[in-house]
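Enquirer: I'm passing along upload02.pdb; it holds PDB, C-alpha atoms.
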```pdb
ATOM      1  CA  ASP Q  36      71.932 110.225 100.344  1.00  0.00           C
ATOM      2  CA  ALA Q  37      75.045 112.201  99.418  1.00  0.00           C
ATOM      3  CA  VAL Q  38      74.312 115.194  97.161  1.00  0.00           C
ATOM      4  CA  ASN Q  39      76.491 117.988  95.744  1.00  0.00           C
ATOM      5  CA  THR Q  40      74.844 120.422  93.346  1.00  0.00           C
ATOM      6  CA  THR Q  41      77.286 123.130  92.285  1.00  0.00           C
ATOM      7  CA  SER Q  42      81.009 122.335  92.171  1.00  0.00           C
ATOM      8  CA  GLY Q  43      83.582 120.151  93.862  1.00  0.00           C
ATOM      9  CA  ASP Q  44      83.874 116.426  94.485  1.00  0.00           C
ATOM     10  CA  ILE Q  45      82.264 113.907  96.808  1.00  0.00           C
ATOM     11  CA  ASN Q  46      85.023 111.980  98.613  1.00  0.00           C
ATOM     12  CA  ILE Q  47      84.054 109.522 101.357  1.00  0.00           C
ATOM     13  CA  THR Q  48      86.188 106.967 103.206  1.00  0.00           C
ATOM     14  CA  ASN Q  49      84.302 104.528 105.420  1.00  0.00           C
ATOM     15  CA  THR Q  50      86.280 102.623 108.073  1.00  0.00           C
ATOM     16  CA  GLY Q  51      83.475 100.309 109.181  1.00  0.00           C
ATOM     17  CA  THR Q  52      84.122  96.659 108.469  1.00  0.00           C
ATOM     18  CA  GLY Q  53      80.496  95.760 107.719  1.00  0.00           C
ATOM     19  CA  THR Q  54      78.687  96.227 104.415  1.00  0.00           C
ATOM     20  CA  LEU Q  55      78.288  99.823 103.283  1.00  0.00           C
ATOM     21  CA  THR Q  56      75.005 100.254 101.397  1.00  0.00           C
ATOM     22  CA  LEU Q  57      74.558 103.226  99.069  1.00  0.00           C
ATOM     23  CA  SER Q  58      70.833 103.796  99.424  1.00  0.00           C
ATOM     24  CA  ASP Q  59      68.089 106.308  98.574  1.00  0.00           C
ATOM     25  CA  LEU Q  60      66.850 107.481 101.971  1.00  0.00           C
ATOM     26  CA  ASN Q  61      64.549 110.325 100.868  1.00  0.00           C
ATOM     27  CA  ASP Q  62      62.790 108.988  97.736  1.00  0.00           C
ATOM     28  CA  ASP Q  63      64.740 111.030  95.172  1.00  0.00           C
ATOM     29  CA  ASP Q  64      65.721 107.956  93.111  1.00  0.00           C
ATOM     30  CA  TYR Q  65      69.462 108.032  93.799  1.00  0.00           C
ATOM     31  CA  SER Q  66      71.882 107.295  96.611  1.00  0.00           C
ATOM     32  CA  VAL Q  67      74.743 109.558  95.496  1.00  0.00           C
ATOM     33  CA  LYS Q  68      74.540 112.484  93.061  1.00  0.00           C
ATOM     34  CA  ASN Q  69      77.183 115.039  92.153  1.00  0.00           C
ATOM     35  CA  THR Q  70      76.273 117.485  89.394  1.00  0.00           C
ATOM     36  CA  GLY Q  71      79.497 119.387  89.968  1.00  0.00           C
ATOM     37  CA  GLY Q  72      82.325 116.865  89.923  1.00  0.00           C
ATOM     38  CA  ASN Q  73      83.653 113.441  90.812  1.00  0.00           C
ATOM     39  CA  VAL Q  74      82.425 110.743  93.191  1.00  0.00           C
ATOM     40  CA  ASP Q  75      84.997 108.699  95.145  1.00  0.00           C
ATOM     41  CA  ILE Q  76      83.740 106.303  97.840  1.00  0.00           C
ATOM     42  CA  GLU Q  77      85.981 103.772  99.562  1.00  0.00           C
ATOM     43  CA  THR Q  78      85.157 101.354 102.362  1.00  0.00           C
ATOM     44  CA  VAL Q  79      87.006  98.713 104.362  1.00  0.00           C
ATOM     45  CA  GLY Q  80      84.217  96.139 104.134  1.00  0.00           C
ATOM     46  CA  SER Q  81      81.869  95.159 101.324  1.00  0.00           C
ATOM     47  CA  MET Q  82      79.752  97.645  99.371  1.00  0.00           C
ATOM     48  CA  THR Q  83      76.255  97.421  97.891  1.00  0.00           C
ATOM     49  CA  VAL Q  84      74.961  99.955  95.372  1.00  0.00           C
ATOM     50  CA  ALA Q  85      71.234  99.764  96.141  1.00  0.00           C
ATOM     51  CA  ASP Q  86      70.232 102.991  94.355  1.00  0.00           C
ATOM     52  CA  ASP Q  87      71.727 105.014  91.518  1.00  0.00           C
ATOM     53  CA  VAL Q  88      75.140 106.689  91.751  1.00  0.00           C
ATOM     54  CA  LEU Q  89      75.316 109.706  89.413  1.00  0.00           C
ATOM     55  CA  ALA Q  90      78.157 112.115  88.691  1.00  0.00           C
ATOM     56  CA  ALA Q  91      79.218 114.870  86.291  1.00  0.00           C
ATOM     57  CA  GLY Q  92      82.759 113.517  86.494  1.00  0.00           C
ATOM     58  CA  ASN Q  93      84.717 110.415  87.384  1.00  0.00           C
ATOM     59  CA  ILE Q  94      83.240 107.693  89.592  1.00  0.00           C
ATOM     60  CA  THR Q  95      85.410 105.489  91.810  1.00  0.00           C
ATOM     61  CA  LEU Q  96      83.956 102.840  94.128  1.00  0.00           C
ATOM     62  CA  ILE Q  97      86.372 100.680  96.124  1.00  0.00           C
ATOM     63  CA  ASP Q  98      85.722  98.098  98.794  1.00  0.00           C
ATOM     64  CA  GLY Q  99      88.850  97.187 100.676  1.00  0.00           C
ATOM     65  CA  GLU Q 100      90.149  94.085 102.368  1.00  0.00           C
ATOM     66  CA  ASN Q 101      89.539  93.270 106.003  1.00  0.00           C
ATOM     67  CA  GLY Q 102      90.271  89.553 105.877  1.00  0.00           C
ATOM     68  CA  SER Q 103      86.745  88.480 104.937  1.00  0.00           C
ATOM     69  CA  ALA Q 104      84.650  88.405 101.765  1.00  0.00           C
ATOM     70  CA  ASN Q 105      84.643  91.956 100.443  1.00  0.00           C
ATOM     71  CA  ASN Q 106      82.208  91.985  97.568  1.00  0.00           C
ATOM     72  CA  LEU Q 107      80.897  94.857  95.468  1.00  0.00           C
ATOM     73  CA  THR Q 108      77.232  94.279  94.625  1.00  0.00           C
ATOM     74  CA  ILE Q 109      75.744  96.471  91.898  1.00  0.00           C
ATOM     75  CA  SER Q 110      71.954  96.575  92.135  1.00  0.00           C
ATOM     76  CA  ALA Q 111      71.420 100.019  90.564  1.00  0.00           C
ATOM     77  CA  ASN Q 112      72.839 102.262  87.853  1.00  0.00           C
ATOM     78  CA  ILE Q 113      76.286 103.875  88.053  1.00  0.00           C
ATOM     79  CA  LEU Q 114      76.388 106.703  85.491  1.00  0.00           C
ATOM     80  CA  SER Q 115      78.655 109.585  84.528  1.00  0.00           C
ATOM     81  CA  SER Q 116      77.301 112.444  82.408  1.00  0.00           C
ATOM     82  CA  VAL Q 117      80.545 114.014  81.137  1.00  0.00           C
ATOM     83  CA  ASN Q 118      82.792 113.155  78.219  1.00  0.00           C
ATOM     84  CA  ASP Q 119      86.174 111.473  78.783  1.00  0.00           C
ATOM     85  CA  SER Q 120      85.297 110.411  82.315  1.00  0.00           C
ATOM     86  CA  THR Q 121      86.461 107.259  84.086  1.00  0.00           C
ATOM     87  CA  ILE Q 122      84.433 104.743  86.057  1.00  0.00           C
ATOM     88  CA  THR Q 123      86.549 102.481  88.271  1.00  0.00           C
ATOM     89  CA  LEU Q 124      85.030  99.691  90.357  1.00  0.00           C
ATOM     90  CA  THR Q 125      87.358  97.678  92.597  1.00  0.00           C
ATOM     91  CA  ALA Q 126      86.581  94.869  95.043  1.00  0.00           C
ATOM     92  CA  GLY Q 127      88.653  92.905  97.512  1.00  0.00           C
ATOM     93  CA  ASP Q 128      86.875  89.809  96.269  1.00  0.00           C
ATOM     94  CA  SER Q 129      84.027  89.593  93.731  1.00  0.00           C
ATOM     95  CA  ILE Q 130      81.900  92.070  91.780  1.00  0.00           C
ATOM     96  CA  THR Q 131      78.353  91.207  90.723  1.00  0.00           C
ATOM     97  CA  GLN Q 132      75.983  93.262  88.560  1.00  0.00           C
ATOM     98  CA  ALA Q 133      72.227  92.696  88.618  1.00  0.00           C
ATOM     99  CA  ALA Q 134      69.928  92.561  85.605  1.00  0.00           C
ATOM    100  CA  ASP Q 135      68.427  95.834  84.336  1.00  0.00           C
ATOM    101  CA  THR Q 136      71.324  97.933  85.640  1.00  0.00           C
ATOM    102  CA  THR Q 137      73.785 100.018  83.633  1.00  0.00           C
ATOM    103  CA  VAL Q 138      77.333 100.990  84.505  1.00  0.00           C
ATOM    104  CA  GLY Q 139      78.563 103.657  82.130  1.00  0.00           C
ATOM    105  CA  THR Q 140      77.437 106.957  80.688  1.00  0.00           C
ATOM    106  CA  ASP Q 141      74.269 108.639  79.561  1.00  0.00           C
ATOM    107  CA  GLY Q 142      75.713 109.432  76.137  1.00  0.00           C
ATOM    108  CA  SER Q 143      79.273 110.654  76.724  1.00  0.00           C
ATOM    109  CA  ALA Q 144      82.424 108.562  76.367  1.00  0.00           C
ATOM    110  CA  ALA Q 145      83.945 106.964  79.466  1.00  0.00           C
ATOM    111  CA  ASP Q 146      86.650 104.424  80.211  1.00  0.00           C
ATOM    112  CA  ILE Q 147      85.321 101.681  82.510  1.00  0.00           C
ATOM    113  CA  THR Q 148      87.605  99.507  84.654  1.00  0.00           C
ATOM    114  CA  ILE Q 149      86.363  96.519  86.656  1.00  0.00           C
ATOM    115  CA  ASN Q 150      88.966  95.066  89.018  1.00  0.00           C
ATOM    116  CA  ALA Q 151      88.069  92.017  91.106  1.00  0.00           C
ATOM    117  CA  THR Q 152      91.672  91.146  91.958  1.00  0.00           C
ATOM    118  CA  ALA Q 153      92.322  93.354  94.977  1.00  0.00           C
ATOM    119  CA  ASP Q 154      92.354  90.596  97.632  1.00  0.00           C
ATOM    120  CA  ILE Q 155      95.610  91.106  99.507  1.00  0.00           C
ATOM    121  CA  ASN Q 156      95.018  88.263 101.976  1.00  0.00           C
ATOM    122  CA  GLY Q 157      95.004  85.385  99.536  1.00  0.00           C
ATOM    123  CA  PRO Q 158      96.339  84.297  96.146  1.00  0.00           C
ATOM    124  CA  ILE Q 159      92.972  83.832  94.438  1.00  0.00           C
ATOM    125  CA  PRO Q 160      91.243  86.933  93.092  1.00  0.00           C
ATOM    126  CA  GLY Q 161      87.472  87.237  92.876  1.00  0.00           C
ATOM    127  CA  SER Q 162      85.096  87.013  89.967  1.00  0.00           C
ATOM    128  CA  PHE Q 163      83.110  89.471  87.872  1.00  0.00           C
ATOM    129  CA  THR Q 164      79.567  88.307  87.172  1.00  0.00           C
ATOM    130  CA  GLN Q 165      76.913  90.073  85.111  1.00  0.00           C
ATOM    131  CA  ALA Q 166      73.351  88.817  85.248  1.00  0.00           C
ATOM    132  CA  ASP Q 167      71.592  88.423  81.916  1.00  0.00           C
ATOM    133  CA  GLY Q 168      70.262  91.905  81.156  1.00  0.00           C
ATOM    134  CA  ALA Q 169      73.077  93.820  82.907  1.00  0.00           C
ATOM    135  CA  HIS Q 170      74.994  96.407  80.857  1.00  0.00           C
ATOM    136  CA  LEU Q 171      78.435  98.033  80.727  1.00  0.00           C
ATOM    137  CA  VAL Q 172      78.179 100.924  78.241  1.00  0.00           C
ATOM    138  CA  SER Q 173      81.208 103.131  77.529  1.00  0.00           C
ATOM    139  CA  ASN Q 174      79.957 105.030  74.439  1.00  0.00           C
ATOM    140  CA  ASP Q 175      83.243 104.621  72.512  1.00  0.00           C
ATOM    141  CA  GLY Q 176      85.463 104.529  75.585  1.00  0.00           C
ATOM    142  CA  ASP Q 177      87.412 101.426  76.602  1.00  0.00           C
ATOM    143  CA  ILE Q 178      86.184  98.665  78.913  1.00  0.00           C
ATOM    144  CA  THR Q 179      88.737  96.702  80.958  1.00  0.00           C
ATOM    145  CA  ILE Q 180      87.867  93.734  83.182  1.00  0.00           C
ATOM    146  CA  ILE Q 181      90.384  91.885  85.358  1.00  0.00           C
ATOM    147  CA  ALA Q 182      89.177  89.024  87.567  1.00  0.00           C
ATOM    148  CA  ASN Q 183      89.658  85.370  88.422  1.00  0.00           C
ATOM    149  CA  ASP Q 184      86.831  84.544  86.035  1.00  0.00           C
ATOM    150  CA  ALA Q 185      84.362  86.695  84.121  1.00  0.00           C
ATOM    151  CA  GLU Q 186      80.749  85.952  83.259  1.00  0.00           C
ATOM    152  CA  ILE Q 187      79.647  88.619  80.797  1.00  0.00           C
ATOM    153  CA  ALA Q 188      76.253  89.639  79.431  1.00  0.00           C
ATOM    154  CA  ASP Q 189      76.743  93.006  77.706  1.00  0.00           C
ATOM    155  CA  LEU Q 190      80.049  94.859  77.275  1.00  0.00           C
ATOM    156  CA  ASN Q 191      79.214  97.644  74.817  1.00  0.00           C
ATOM    157  CA  ALA Q 192      82.166  99.857  73.969  1.00  0.00           C
ATOM    158  CA  GLY Q 193      80.775 101.137  70.666  1.00  0.00           C
ATOM    159  CA  THR Q 194      83.909 101.957  68.653  1.00  0.00           C
ATOM    160  CA  GLY Q 195      86.084 101.641  71.762  1.00  0.00           C
ATOM    161  CA  ASN Q 196      88.056  98.601  72.853  1.00  0.00           C
ATOM    162  CA  VAL Q 197      87.320  95.771  75.283  1.00  0.00           C
ATOM    163  CA  TYR Q 198      89.932  93.904  77.338  1.00  0.00           C
ATOM    164  CA  VAL Q 199      88.874  90.930  79.486  1.00  0.00           C
ATOM    165  CA  THR Q 200      91.391  88.968  81.559  1.00  0.00           C
ATOM    166  CA  ALA Q 201      90.412  85.886  83.575  1.00  0.00           C
ATOM    167  CA  GLU Q 202      93.625  85.388  85.536  1.00  0.00           C
ATOM    168  CA  THR Q 203      92.964  81.882  86.846  1.00  0.00           C
ATOM    169  CA  GLY Q 204      89.593  80.903  85.384  1.00  0.00           C
ATOM    170  CA  ASP Q 205      87.408  81.313  82.326  1.00  0.00           C
ATOM    171  CA  ILE Q 206      85.331  83.819  80.386  1.00  0.00           C
ATOM    172  CA  THR Q 207      81.727  82.718  79.958  1.00  0.00           C
ATOM    173  CA  ASP Q 208      78.448  83.882  78.430  1.00  0.00           C
ATOM    174  CA  ALA Q 209      75.933  85.102  81.018  1.00  0.00           C
ATOM    175  CA  GLY Q 210      72.863  85.009  78.763  1.00  0.00           C
ATOM    176  CA  ALA Q 211      71.263  85.612  75.391  1.00  0.00           C
ATOM    177  CA  THR Q 212      69.429  88.911  75.911  1.00  0.00           C
ATOM    178  CA  ASN Q 213      72.222  91.096  74.481  1.00  0.00           C
ATOM    179  CA  THR Q 214      75.345  90.760  72.367  1.00  0.00           C
ATOM    180  CA  ASP Q 215      78.078  89.889  74.839  1.00  0.00           C
ATOM    181  CA  ILE Q 216      80.760  92.188  73.395  1.00  0.00           C
ATOM    182  CA  THR Q 217      80.415  95.170  71.054  1.00  0.00           C
ATOM    183  CA  ALA Q 218      83.683  96.949  70.252  1.00  0.00           C
ATOM    184  CA  ASN Q 219      86.377  97.767  67.726  1.00  0.00           C
ATOM    185  CA  ASN Q 220      89.313  95.834  69.191  1.00  0.00           C
ATOM    186  CA  VAL Q 221      88.801  92.960  71.644  1.00  0.00           C
ATOM    187  CA  VAL Q 222      91.498  91.159  73.633  1.00  0.00           C
ATOM    188  CA  LEU Q 223      90.432  88.101  75.652  1.00  0.00           C
ATOM    189  CA  SER Q 224      92.753  86.147  77.943  1.00  0.00           C
ATOM    190  CA  ALA Q 225      91.814  83.165  80.126  1.00  0.00           C
ATOM    191  CA  VAL Q 226      93.172  79.995  81.695  1.00  0.00           C
ATOM    192  CA  SER Q 227      90.315  77.481  81.528  1.00  0.00           C
ATOM    193  CA  GLY Q 228      88.273  78.498  78.517  1.00  0.00           C
ATOM    194  CA  ILE Q 229      86.636  81.303  76.551  1.00  0.00           C
ATOM    195  CA  GLY Q 230      83.006  80.618  75.714  1.00  0.00           C
ATOM    196  CA  SER Q 231      83.573  76.889  76.247  1.00  0.00           C
ATOM    197  CA  ALA Q 232      80.056  75.935  77.324  1.00  0.00           C
ATOM    198  CA  ASP Q 233      78.203  78.605  75.328  1.00  0.00           C
ATOM    199  CA  ALA Q 234      79.868  80.671  72.616  1.00  0.00           C
ATOM    200  CA  LEU Q 235      80.357  84.370  73.241  1.00  0.00           C
ATOM    201  CA  ASP Q 236      78.300  86.596  70.952  1.00  0.00           C
ATOM    202  CA  THR Q 237      80.385  89.441  69.545  1.00  0.00           C
ATOM    203  CA  ALA Q 238      80.076  92.394  67.167  1.00  0.00           C
ATOM    204  CA  VAL Q 239      83.705  93.461  66.760  1.00  0.00           C
ATOM    205  CA  THR Q 240      86.262  94.405  64.095  1.00  0.00           C
ATOM    206  CA  TYR Q 241      89.484  92.913  65.485  1.00  0.00           C
ATOM    207  CA  LEU Q 242      89.773  90.000  67.915  1.00  0.00           C
ATOM    208  CA  ALA Q 243      92.672  88.468  69.818  1.00  0.00           C
ATOM    209  CA  ALA Q 244      92.021  85.553  72.178  1.00  0.00           C
ATOM    210  CA  ARG Q 245      94.387  83.452  74.299  1.00  0.00           C
ATOM    211  CA  ASN Q 246      93.619  80.492  76.568  1.00  0.00           C
ATOM    212  CA  THR Q 247      96.593  78.974  78.362  1.00  0.00           C
ATOM    213  CA  GLY Q 248      94.927  75.807  79.646  1.00  0.00           C
ATOM    214  CA  ALA Q 249      97.011  75.819  82.826  1.00  0.00           C
ATOM    215  CA  SER Q 250      96.970  77.755  86.095  1.00  0.00           C
TER     216      SER Q 250
END
```
The structure given in the file should be rewritten as structure tokens.
Expert:
Amino acid sequence: DAVNTTSGDINITNTGTGTLTLSDLNDDDYSVKNTGGNVDIETVGSMTVADDVLAAGNITLIDGENGSANNLTISANILSSVNDSTITLTAGDSITQAADTTVGTDGSAADITINATADINGPIPGSFTQADGAHLVSNDGDITIIANDAEIADLNAGTGNVYVTAETGDITDAGATNTDITANNVVLSAVSGIGSADALDTAVTYLAARNTGAS
């Protein structure tokens, strides 16, 4: 575990090329907790969030690029407790989010950015995949997703905005448990389809969608 209880940030840079697992090692129900500031963890290899990451500030998780598959696997909650925070998740390849996990806030507004396009060793970015029952919740902040393709289950921005860009692929529906997109403004951009096989379920005020049909 990494814990900070009073003030200051948690900043960790891991140079190991294997998978870095953020794990609860002493049965306190979280892997990283900072009640006094930001959390910033970067690693060269892949990263797995096995237990909750909690912060009273911004949260940044980055897995780098070492020439192999650098995936960010979200198997637990990633939550900020302060208003106007940012949550930024970046992977050298793909980002996956398991069912029954929440990335977002516990009631305060946050801007959430998912970037699965950081592969510097090849032209094809990774994908962002939510399992049915996974949640991105910004509580009126904005949600931005950039990936090769995006499979979405629940992007809930409240009165905030949602931007989803599938740079070389499509945007698809990951399941029927939740409304796929809840927001004020929504901008969707893809190459090979938006809700082609199964229509996206939305609760929005303004919508702009563009599919180019060519890579």
Enquirer: Between Q:Ser116, Q:Thr140, Q:Asn219, Q:Asn49, which has the minimum distance to Val79 of chain Q (counting only C-alpha atoms)?
Expert: Q:Asn49
Enquirer: Would you list the contacts of Leu190 of chain Q as a list of chain:residue names, taking every protein, DNA or RNA residue within 8 Å and counting all atoms listed in the file, but skipping same-chain residues closer than 5 positions in sequence?
Expert: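 Near Leu190 of chain Q, the qualifying residues are Q:His170, Q:Leu171, Q:Val172, Q:Ile178, Q:Val197, Q:Thr214, Q:Asp215, Q:Ile216, Q:Thr217.
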Enquirer: Nearest residue to Ser120 of chain Q out of Q:Asn213, Q:Thr95, Q:Ser227, Q:Asn105, using all atoms listed in the file?
Expert: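 Distance minimum relative to Ser120 of chain Q lands on Q:Thr95.
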Enquirer: Can you work out the spacing between atom CA of Asp184 of chain Q and atom CA of Thr152 of chain Q in Å, to one decimal?
Expert: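 Atom CA of Thr152 of chain Q lies at a distance of 10.1 Å from atom CA of Asp184 of chain Q.
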Enquirer: I want to know what sits within 8 Å of Ala37 of chain Q, based on only C-alpha atoms, with residues of the same chain fewer than 3 positions away left out; could you give that as a list in words?
Expert: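 Within the cut-off, the hits are Ile45, Ser66, Val67 and Lys68 of chain Q.
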Enquirer: When you count all atoms listed in the file, which of these residues is closest to Leu114 of chain Q: Q:Gly248, Q:Gly142, Q:Gly80, Q:Gly168?
Expert: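 For Leu114 of chain Q, the nearest of the given residues is Q:Gly142.
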Enquirer: Hey, which of Q:Asn106, Q:Thr194, Q:Thr50, Q:Ser58 ends up closest to Gly127 of chain Q? Count only C-alpha atoms.
Expert: Q:Asn106
Enquirer: Residue by residue, what does the PyMOL selection byres ((chain Q and resi 181) around 7) grab here? Present the result as a PyMOL selection string.
Expert: chain Q and resi 149-152+179-180+182+199-201
Enquirer: Please measure the separation of atom CA of Gly71 of chain Q and atom CA of Asn112 of chain Q, giving the value in Å to one decimal.
Expert: 18.5 Å
Enquirer: Please identify all polymer residues within 9 Å of Val84 of chain Q, counting all atoms listed in the file, omitting same-chain residues fewer than 4 positions from it, and present them as a list in words.
Expert: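 My list of contacting residues is Leu55, Thr56, Leu57, Ser58, Ser66, Val88, Leu107, Thr108, Ile109, Ser110, Ala111, Asn112 and Ile113 of chain Q.
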